[in-house]
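Q: Handing you this structure, nothing more for now.
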Amino acid sequence: MEIKIVRKVLDVNAKMAEQNRKLFSEKKVFVLNVMSSPGSGKTTTLQKTLLHLMPDLKCAVIVGDICTTNDADRLATSGVPVVQINTGDFGGDCHLAAHVIEKAALDLNLDDIDLLIVENVGNLVCPAEFDIGEDARTVVLSVTEGEDKPAKYPLMFRECDSAILNKIDLLPYLDYDIELARKYILDVHPDMPIFDISAKTGEGFEPWLAWLRKKVQQKLI
Ligand code: MG
Ligand code: ZN
């Protein structure tokens, strides 16, 4: 019974996601869905990413959190249009669904956007199950988390197109085995591009930015 209901929710979501995808294609907007557990450094990573991409790419952000506008306030300092979604208003969902993205997109001038980044709700489980009509997905994992997160949450790592290993500036102070983390990622998703970065120091951003720029250009050309 419960499985049937879940399937219906996902079917409805898939239809809405296709509508979003069509709209984003018509408007020539590339959509990146960024996911992670809470506290991995998504917002700081995106702040730095936006600084590098602008003004060559016209960017905007949709941020999902259950409560608060803290992340939207931080991202707005980058000077890009930011729409905050509080899923608390939609029943407290722990993920962003396609219909929520559709609503948030109405608050943006899509004609004036090349890259729309969606910072999903911090959660490694259900955001991976909800197609929002995006073009690519990135998962952020920080080196303060367990190396085996990819083994514990395989769907997330299977569904994403690239992975960011963040907070590498902390490696000297941790017993973290970055090669082991990489192995766990590649076990569930062979050939996944993995970018080691420090959103704090800015180290390692170029390969990540190159990957993202190429993806965006492939759609917009
Ligand atoms: Mg955040
Ligand atoms: Zn959820």
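Here, A, B, ... name the chains of the structure tokens in the order displayed, residue numbers run from 1 inside each chain, and ligands are numbered from 1 in the same displayed order.
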Quick one: pick out all strand (DSSP E) residues within stretch 45-219 of chain A from a backbone DSSP run and write them as a VMD selection string.

A: chain A and resid 59 to 65 82 to 86 115 to 119 136 to 142 162 to 166 194 to 196

Q: Could you save the residues just selected, with N, CA and C atoms, as a compact mmCIF listing (two decimals), in the first residue's frame?

A:
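Ended up saving to result31.txt:
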# COMPACT_ATOMS: atom_id res chain seq x y z
N CYS A 59 23.87 33.78 -13.98
CA CYS A 59 23.49 32.70 -13.05
C CYS A 59 22.33 33.14 -12.15
N ALA A 60 21.64 32.16 -11.62
CA ALA A 60 20.63 32.37 -10.59
C ALA A 60 20.60 31.12 -9.72
N VAL A 61 20.05 31.27 -8.52
CA VAL A 61 20.04 30.15 -7.59
C VAL A 61 18.67 29.97 -6.97
N ILE A 62 18.26 28.72 -6.84
CA ILE A 62 17.10 28.38 -6.01
C ILE A 62 17.64 27.58 -4.83
N VAL A 63 17.34 28.03 -3.62
CA VAL A 63 17.85 27.36 -2.42
C VAL A 63 16.71 26.74 -1.65
N GLY A 64 16.87 25.48 -1.31
CA GLY A 64 15.86 24.80 -0.52
C GLY A 64 16.35 24.52 0.90
N ASP A 65 15.53 24.91 1.84
CA ASP A 65 15.77 24.54 3.24
C ASP A 65 14.41 24.34 3.86
N VAL A 82 18.32 35.21 -6.30
CA VAL A 82 18.20 34.02 -5.45
C VAL A 82 16.75 33.87 -5.00
N VAL A 83 16.22 32.68 -5.15
CA VAL A 83 14.88 32.40 -4.64
C VAL A 83 15.01 31.35 -3.54
N GLN A 84 14.51 31.68 -2.37
CA GLN A 84 14.54 30.72 -1.25
C GLN A 84 13.22 29.96 -1.20
N ILE A 85 13.33 28.66 -1.10
CA ILE A 85 12.14 27.85 -0.86
C ILE A 85 12.25 27.31 0.55
N ASN A 86 11.24 27.53 1.35
CA ASN A 86 11.17 26.88 2.66
C ASN A 86 10.15 25.76 2.55
N LEU A 115 22.56 29.75 -16.38
CA LEU A 115 22.79 28.65 -15.44
C LEU A 115 21.96 28.87 -14.18
N LEU A 116 21.08 27.93 -13.92
CA LEU A 116 20.28 27.97 -12.70
C LEU A 116 20.77 26.85 -11.79
N ILE A 117 21.29 27.25 -10.64
CA ILE A 117 21.79 26.25 -9.69
C ILE A 117 20.75 26.05 -8.60
N VAL A 118 20.43 24.80 -8.34
CA VAL A 118 19.48 24.49 -7.28
C VAL A 118 20.25 23.88 -6.12
N GLU A 119 20.27 24.57 -4.99
CA GLU A 119 20.87 24.00 -3.77
C GLU A 119 19.76 23.26 -3.04
N ALA A 136 21.91 18.34 -14.92
CA ALA A 136 23.02 17.60 -14.29
C ALA A 136 22.87 17.67 -12.78
N ARG A 137 23.52 16.71 -12.13
CA ARG A 137 23.46 16.61 -10.67
C ARG A 137 24.87 16.49 -10.11
N THR A 138 25.10 17.19 -9.03
CA THR A 138 26.39 17.10 -8.36
C THR A 138 26.15 16.83 -6.88
N VAL A 139 26.94 15.92 -6.33
CA VAL A 139 26.86 15.65 -4.89
C VAL A 139 28.12 16.19 -4.23
N VAL A 140 27.93 16.88 -3.12
CA VAL A 140 29.06 17.41 -2.35
C VAL A 140 29.23 16.56 -1.11
N LEU A 141 30.46 16.08 -0.94
CA LEU A 141 30.79 15.26 0.24
C LEU A 141 31.96 15.96 0.90
N SER A 142 31.94 16.10 2.21
CA SER A 142 33.08 16.76 2.83
C SER A 142 33.92 15.74 3.57
N SER A 162 28.58 14.19 -11.11
CA SER A 162 29.92 14.49 -10.61
C SER A 162 29.83 14.58 -9.09
N ALA A 163 31.01 14.45 -8.46
CA ALA A 163 31.10 14.54 -7.00
C ALA A 163 32.17 15.55 -6.63
N ILE A 164 31.89 16.31 -5.60
CA ILE A 164 32.87 17.24 -5.05
C ILE A 164 33.27 16.73 -3.68
N LEU A 165 34.59 16.63 -3.44
CA LEU A 165 35.10 16.31 -2.11
C LEU A 165 35.59 17.63 -1.51
N ASN A 166 34.84 18.14 -0.56
CA ASN A 166 35.09 19.49 -0.04
C ASN A 166 35.86 19.46 1.29
N ILE A 194 35.43 13.31 -10.01
CA ILE A 194 35.49 13.69 -8.60
C ILE A 194 36.44 14.89 -8.48
N PHE A 195 35.97 15.95 -7.85
CA PHE A 195 36.76 17.16 -7.73
C PHE A 195 37.10 17.42 -6.26
N ASP A 196 38.39 17.45 -5.94
CA ASP A 196 38.84 17.76 -4.58
C ASP A 196 38.97 19.27 -4.46

Q: Which chains and residue numbers are within 8 Å of ligand 1, counting only C-alpha atoms and all ligand atoms, if I want them as a count of residues only?

A: 12

Q: Hey, which residues come within 7 Å of ligand 2 if we count only C-alpha atoms and all ligand atoms? Could you give them as a list in words?

A: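 Result of the 7 Å neighbour search around ligand 2: Asp93, Cys94, His95, Cys126 and Pro127 of chain A.
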
Q: Would you kindly return, as a list in words, each protein, DNA or RNA residue with an atom no farther than 9 Å from any atom of A:Ser198, considering only C-alpha atoms and excluding same-chain residues fewer than 3 positions away?

A: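 Final neighbour list, sorted by chain and number: Thr45, Leu165, Asn166, Lys167, Ile168, Asp169, Leu170, Thr201, Gly202, Glu203, Gly204 and Phe205 of chain A.
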
Q: Can you work out which one of A:Leu186, A:Ala105, A:Ala181, A:Leu46 has the shortest atom-to-atom distance to A:Lys200, counting only C-alpha atoms?

A: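 When distances to A:Lys200 are compared using only C-alpha atoms, the smallest one comes from A:Leu46.
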
Q: For A:His189, which of A:Phe30, A:Tyr176, A:Trp208, A:Phe157 is the closest residue, counting only C-alpha atoms?

A: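 The shortest atom-to-atom distance to A:His189 comes from A:Phe157.
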
Q: Using only C-alpha atoms, pick whichever of A:Asp114, A:Asp89, A:Asp107, A:Glu206 has the shortest atom-to-atom distance to A:Ser25.

A: A:Asp114

Q: Would you mind reading off the distance between atom CA of A:Tyr184 and atom CA of A:Ala199, one decimal, in Å?

A: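 For atom CA of A:Tyr184 relative to atom CA of A:Ala199, the distance reads 22.1 Å.
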
Q: Choose the residue, out of A:Ile221, A:Val29, A:Val125, A:Val216, that has the smallest atom-to-atom separation from A:Leu108; count only C-alpha atoms.

A: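 For A:Leu108, the nearest of the given residues is A:Val29.
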
Q: Find, counting only C-alpha atoms, the residue in A:Ala151, A:Cys67, A:Leu23, A:Leu174 that gets nearest to A:Leu106.

A: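 Looking at the shortest contact to A:Leu106, the residue is A:Leu23.
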
Q: For A:Thr68, which residue out of A:Leu155, A:His99, A:Thr87, A:Ala128 is the nearest one, using only C-alpha atoms?

A: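 Selected residue with least distance to A:Thr68: A:Thr87.
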
Q: Just how far from atom CA of A:Leu220 is atom CA of A:Met192, in Å to one decimal?

A: 23.0 Å
